[in-house]
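Enquirer: Next up is a structure, given as structure tokens.
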Amino acid sequence: MAETLISPGVLARENDSSFVSQQPVTVGAAIIGPTVKGPVEIPTLVTSYSEYQNKFGTTFTSGSQIYTYFTSIAAYNYFNNGGTSLLVARVKSGSFTSATSTNIVNSGTSTAGAFATASVPAASFSADSFGGSANVFVITGSNSLVYTFFASPNAPADIPAARLYYFTSGSGAGGSFISSSVQNLVTKMNEILSSEFTFATSSNGTPNFIISSSFSGSGVDGLNGSIFASGSFGGTLLTLATVGGGVAGDPATALTLKTISQGTIMNSDGPAGSNGTLLSGSSDNIRWQITNRNTSSGTFDLLIRQGNDSTTEPIVLETWTGLSMDPTAPNFVSRILGDTYFTYNSAENYIQQNGTYLNQSKYVYVDAVNSPTPYYFDNNGVAKSTLTSSIPLNATGAFGNATGTINGASGFLYYQNISGALSNANIDKIQGIPSASYNNMINLLANQDDYKFNILLAPGLFDQYQSSQVTSIISNTQNRGDNIYVLDLVGYGSTVSTATSEANSRNTSYAASYWPWVQTIDPDLGREIWVPASTLIGGVYAFNDSVAEPWFAPAGINRGGLGTVIRAERKLSQANRDTLYSSKVNPIATFPGQGVVVYGQKTLQTKASALDRVNVRRLLIALKSFISQVSNNLVFEQNTIATRNAFLSQVNPYLESVQQRQGLYAFKVVMDASNNTADVVDRNQMVGQIYLQPTKTAEFIYLDFNITPTGATFPA
């Protein structure tokens, strides 16, 4: 149809102004806390509670009792109420490492292992600090891997950490310290040696290697075919020697895998039961299986199985087919599974990526290809006979040698036992995690470029007990400006005055607090437990966003109901709620017929303004997120009218949509010559001014009932 009129007439034209504006990239919540398993201090994204369970576990045992971390309860409630993504930053107490596959061997043979002999001065064991090469045992395994045993609480910097073991225990000099130290050393040596070497056995059936003493001392005992001494003495304490050495002809290791998850919970090696079961296998750890070995094609299949399955009823978690040991092949095992692992660099506060190929497996990565087969085929396409023995044999096996355990001793504080005026020592027993263990992940999540989220949860941190960590989170949240922190104030059994006192010590619109504690059903244990409010509030925010928008109040009967809560720690009176709300604490109220409800939406900002409400703070977070994403695309573009109009053409429609969805009364965006003068442009700046009138919520409803006499006229 012609778009112009040449002769008189009428032209009807269409102008479509109904295009849907670009929407912001959506982000979810982040949570900092302990978990049963999973990557340690490596923030990991999960998109469902089942994925969270698979990666981070559920229940654990401490002091013969079974518990669930607050982290899991919070994750469950978040996803159960419509949450779509959760960034999990696992904290830990102690050193955690991955588990390593055992005995993925091929049909090749190895040379005999050799032991270096070293002596340890007795004086080294009579003090808390050790050092010097005399304390090092170096063992070269039949697989050509080097194992280093270091009798010290601190690893030397020049020894690779991959196969480094160092042992000591006790609390000072003396016989008990020496005895326990040596026993730890011997235990680990036996563990490694029995898996890596074949020895002639001694008369009592133990491996025929010895740790001997060249002196006479008190308390000489026998352990696992070894001799060690306890007591305080001089001279040489230990000398490692071998009887017969390793046996030539042992199968050579073809491939080494490591678990992405860390901690001793991942160890599945050890004795086997009937039907190929692993006595140490569980639903939390894994095992491996090599199948379909084919030397003609140089390929094999790898199955990752659940640790508690059996030969008759295998539970296959992942299947990788047609893998190759040829680094030049597209199906090279490292390329397909991935060989990348991540470590947190505390000195520089970043996640360091190690390896070449990104991980495709959710459970393991390739640590080493010990018998690679480069250019497996000759020019006729036939497998080279010198390489065929390198393909892994069909077999099943386990994982072991991981370190790091959940604090399982009695005396740690869980659920309602986190109460009262705790001493510093008891504070560090909250969920078995010292307060300082949170610091690394608090610092890391300050990085706005790498980690995107709009809600931050840290159940297990309380302002009453761990104010230093809470202060750091608030500072980081204010600096980021793109999320709100749900803050727990006090332990279980606290008073209204204690809760309000903690809240009044804070002043920020980027955090909100809720009280009291609530009782809910543990989704994994199926029993009633007491939890702080933050474990539920992430779910309230998620539900609010799924049925409305972030700028609606996540409170009240319509959007603030706590359906999974059995009861609140206490029923709040109107006077209690008034006191709490005037002190910036959002009450968790109980109403007959309505249940337990979040009945407040104040931030911890002291000064009265629009930003003292959660819905307005979350509105600003949403708007800043979108507009920042638009602005990022304009950095280094020409500072011209065309560029400014490109900004306005995206921002104005989005703000109009927010206004239509009841987020704004009015708005105005200015980015033109009035605020981008020649002087501003010459400084390589582009300035935009955005004026907003946020909508307000009806929190105080006054109803006047006016009684009038018969015949009176009602007001117009």
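Ligands are numbered from 1 in the order shown, chains are lettered A, B, ... in the order of the structure tokens, and residues start at 1 in each chain.
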Env of region 559-574 of chain A: 9 Å cut, atoms = only C-alpha atoms, seq-sep filter 2 positions within chain, self excluded. Answer as a PDB file with C-alpha atoms, in the first residue's frame.
Expert:
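Result went into out03.pdb, see below:
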ATOM      1  CA  ASN A  77      11.266 -22.758  51.673  1.00  0.00           C
ATOM      2  CA  TYR A 492      15.815 -18.453  70.552  1.00  0.00           C
ATOM      3  CA  GLY A 493      13.938 -17.458  73.681  1.00  0.00           C
ATOM      4  CA  TRP A 515      11.016 -11.816  64.827  1.00  0.00           C
ATOM      5  CA  PRO A 516      10.301 -14.172  66.619  1.00  0.00           C
ATOM      6  CA  TRP A 517      11.584 -17.656  65.748  1.00  0.00           C
ATOM      7  CA  VAL A 518       9.105 -20.138  64.298  1.00  0.00           C
ATOM      8  CA  GLN A 519       8.498 -23.874  64.425  1.00  0.00           C
ATOM      9  CA  THR A 520       8.306 -25.746  61.127  1.00  0.00           C
ATOM     10  CA  ILE A 521       8.594 -29.262  59.721  1.00  0.00           C
ATOM     11  CA  GLU A 528       9.261 -30.352  64.132  1.00  0.00           C
ATOM     12  CA  TRP A 530      12.699 -24.340  65.650  1.00  0.00           C
ATOM     13  CA  LEU A 536      11.325 -18.624  55.966  1.00  0.00           C
ATOM     14  CA  ILE A 537      11.528 -15.030  54.694  1.00  0.00           C
ATOM     15  CA  GLY A 539      10.318 -18.043  50.635  1.00  0.00           C
ATOM     16  CA  VAL A 540       7.977 -15.142  51.470  1.00  0.00           C
ATOM     17  CA  TYR A 541       9.864 -12.871  49.069  1.00  0.00           C
ATOM     18  CA  PHE A 543       6.074 -16.095  46.751  1.00  0.00           C
ATOM     19  CA  ASN A 544       5.457 -12.342  46.673  1.00  0.00           C
ATOM     20  CA  VAL A 547       2.110 -13.760  42.479  1.00  0.00           C
ATOM     21  CA  ALA A 548       2.804 -10.015  42.301  1.00  0.00           C
ATOM     22  CA  PHE A 552       4.570  -5.207  46.392  1.00  0.00           C
ATOM     23  CA  ALA A 553       4.827  -5.625  50.154  1.00  0.00           C
ATOM     24  CA  PRO A 554       5.968  -9.165  51.117  1.00  0.00           C
ATOM     25  CA  ALA A 555       3.689  -9.076  54.130  1.00  0.00           C
ATOM     26  CA  GLY A 556       0.097  -9.476  55.205  1.00  0.00           C
ATOM     27  CA  ILE A 557      -2.415 -12.258  54.792  1.00  0.00           C
ATOM     28  CA  ASN A 576       4.184  -6.204  71.183  1.00  0.00           C
ATOM     29  CA  ARG A 577       3.698  -5.539  67.478  1.00  0.00           C
ATOM     30  CA  ASP A 578       3.590  -1.795  68.064  1.00  0.00           C
ATOM     31  CA  THR A 579       6.857  -1.911  70.013  1.00  0.00           C
ATOM     32  CA  PRO A 587       6.540  -8.876  63.589  1.00  0.00           C
ATOM     33  CA  ILE A 588       5.652 -12.478  62.800  1.00  0.00           C
ATOM     34  CA  ALA A 589       2.097 -12.466  64.096  1.00  0.00           C
ATOM     35  CA  THR A 590      -0.433 -15.200  64.815  1.00  0.00           C
ATOM     36  CA  PHE A 591      -4.097 -14.630  63.970  1.00  0.00           C
ATOM     37  CA  GLN A 594      -5.274 -17.098  59.502  1.00  0.00           C
ATOM     38  CA  GLY A 595      -2.249 -18.781  61.034  1.00  0.00           C
ATOM     39  CA  VAL A 596       1.228 -17.279  61.254  1.00  0.00           C
ATOM     40  CA  VAL A 597       1.762 -14.201  59.093  1.00  0.00           C
ATOM     41  CA  VAL A 598       4.570 -11.747  58.375  1.00  0.00           C
ATOM     42  CA  TYR A 599       2.978  -8.513  59.552  1.00  0.00           C
ATOM     43  CA  GLY A 600       5.470  -5.835  58.719  1.00  0.00           C
TER      44      GLY A 600
END
Enquirer: Quick one: residues within 10 Å of Asn483 (chain A), only C-alpha atoms counted, chain neighbours fewer than 5 positions away excluded, as a list in words?
Expert: Gly28, Ala29, Ala30, Lys452, Phe453, Asn454, Ile455, Leu456, Asn476, Thr477, Gln478, Tyr510, Ala511, Arg617, Arg618, Leu620, Ile621, Ala622 and Ser625 of chain A
Enquirer: Write out as a short mmCIF file (atom, residue, chain, number, x, y, z; two decimals) with C-alpha atoms, in the first residue's frame each polymer residue whose atoms come within 9 Å of Val670 (chain A), counting only C-alpha atoms; drop sequence neighbours fewer than 5 positions from it.
Expert:
data_model
loop_
_atom_site.label_atom_id
_atom_site.label_comp_id
_atom_site.auth_asym_id
_atom_site.auth_seq_id
_atom_site.Cartn_x
_atom_site.Cartn_y
_atom_site.Cartn_z
CA LEU A 648 15.63 6.59 26.62
CA ASN A 675 22.37 17.68 31.74
CA VAL A 687 24.54 11.92 32.67
CA GLY A 688 21.01 10.69 33.15
CA GLN A 689 18.55 11.81 35.83
CA ILE A 690 15.66 9.60 36.81
CA TYR A 691 12.83 10.96 38.96
#
Enquirer: Find the residues around Gly298 (chain A) up to 8 Å (only C-alpha atoms counted), leave out those fewer than 5 positions away in its own chain, and share them as a list in words.
Expert: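 Residues meeting the cut-off are Arg293, Ser324, Met325, Tyr376, Ala383, Thr388 and Ile391 of chain A.
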Enquirer: Output C-alpha atoms of each residue in that selection to a file, as a tab-separated table (two decimals), in the first residue's frame.
Expert:
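What follows is the written file result.tsv:
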chain	number	residue	atom	x	y	z
A	293	ARG	CA	36.55	-51.27	26.84
A	324	SER	CA	39.26	-41.74	24.60
A	325	MET	CA	42.67	-41.45	26.24
A	376	TYR	CA	46.15	-43.74	18.82
A	383	ALA	CA	45.28	-48.97	16.68
A	388	THR	CA	46.25	-50.52	23.36
A	391	ILE	CA	42.88	-48.22	27.78
Enquirer: Which residues, written as a VMD selection string, have at least one atom at most 7 Å from region 326-340 of chain A, with only C-alpha atoms counted and residues fewer than 5 positions away on the same chain left out?
Expert: chain A and resid 353 to 361 365 to 367 372 to 376
Enquirer: May I have the selected residues written with C-alpha atoms, as a PDB file, in the first residue's frame?
Expert:
ATOM      1  CA  GLN A 353      40.145 -21.662  37.927  1.00  0.00           C
ATOM      2  CA  ASN A 354      42.565 -24.539  37.386  1.00  0.00           C
ATOM      3  CA  GLY A 355      42.540 -26.851  34.394  1.00  0.00           C
ATOM      4  CA  THR A 356      41.938 -26.661  30.660  1.00  0.00           C
ATOM      5  CA  TYR A 357      38.468 -28.020  29.929  1.00  0.00           C
ATOM      6  CA  LEU A 358      35.285 -26.799  31.606  1.00  0.00           C
ATOM      7  CA  ASN A 359      33.400 -29.424  33.571  1.00  0.00           C
ATOM      8  CA  GLN A 360      30.498 -31.236  31.968  1.00  0.00           C
ATOM      9  CA  SER A 361      30.117 -33.783  34.753  1.00  0.00           C
ATOM     10  CA  TYR A 365      36.570 -33.953  37.079  1.00  0.00           C
ATOM     11  CA  VAL A 366      39.635 -35.558  35.515  1.00  0.00           C
ATOM     12  CA  ASP A 367      42.618 -35.039  37.794  1.00  0.00           C
ATOM     13  CA  PRO A 372      47.558 -41.009  27.459  1.00  0.00           C
ATOM     14  CA  THR A 373      47.396 -42.441  23.931  1.00  0.00           C
ATOM     15  CA  PRO A 374      48.347 -39.578  21.577  1.00  0.00           C
ATOM     16  CA  TYR A 375      47.645 -40.382  17.911  1.00  0.00           C
ATOM     17  CA  TYR A 376      46.153 -43.744  18.817  1.00  0.00           C
TER      18      TYR A 376
END
Enquirer: Can you list every residue in region 343-541 of chain A that DSSP puts in strand (DSSP E), as a ChimeraX atom specification?
Expert: /A:343-345,350-354,364-369,395-397,399-400,455-462,484-488,511-515,518-521,528-531
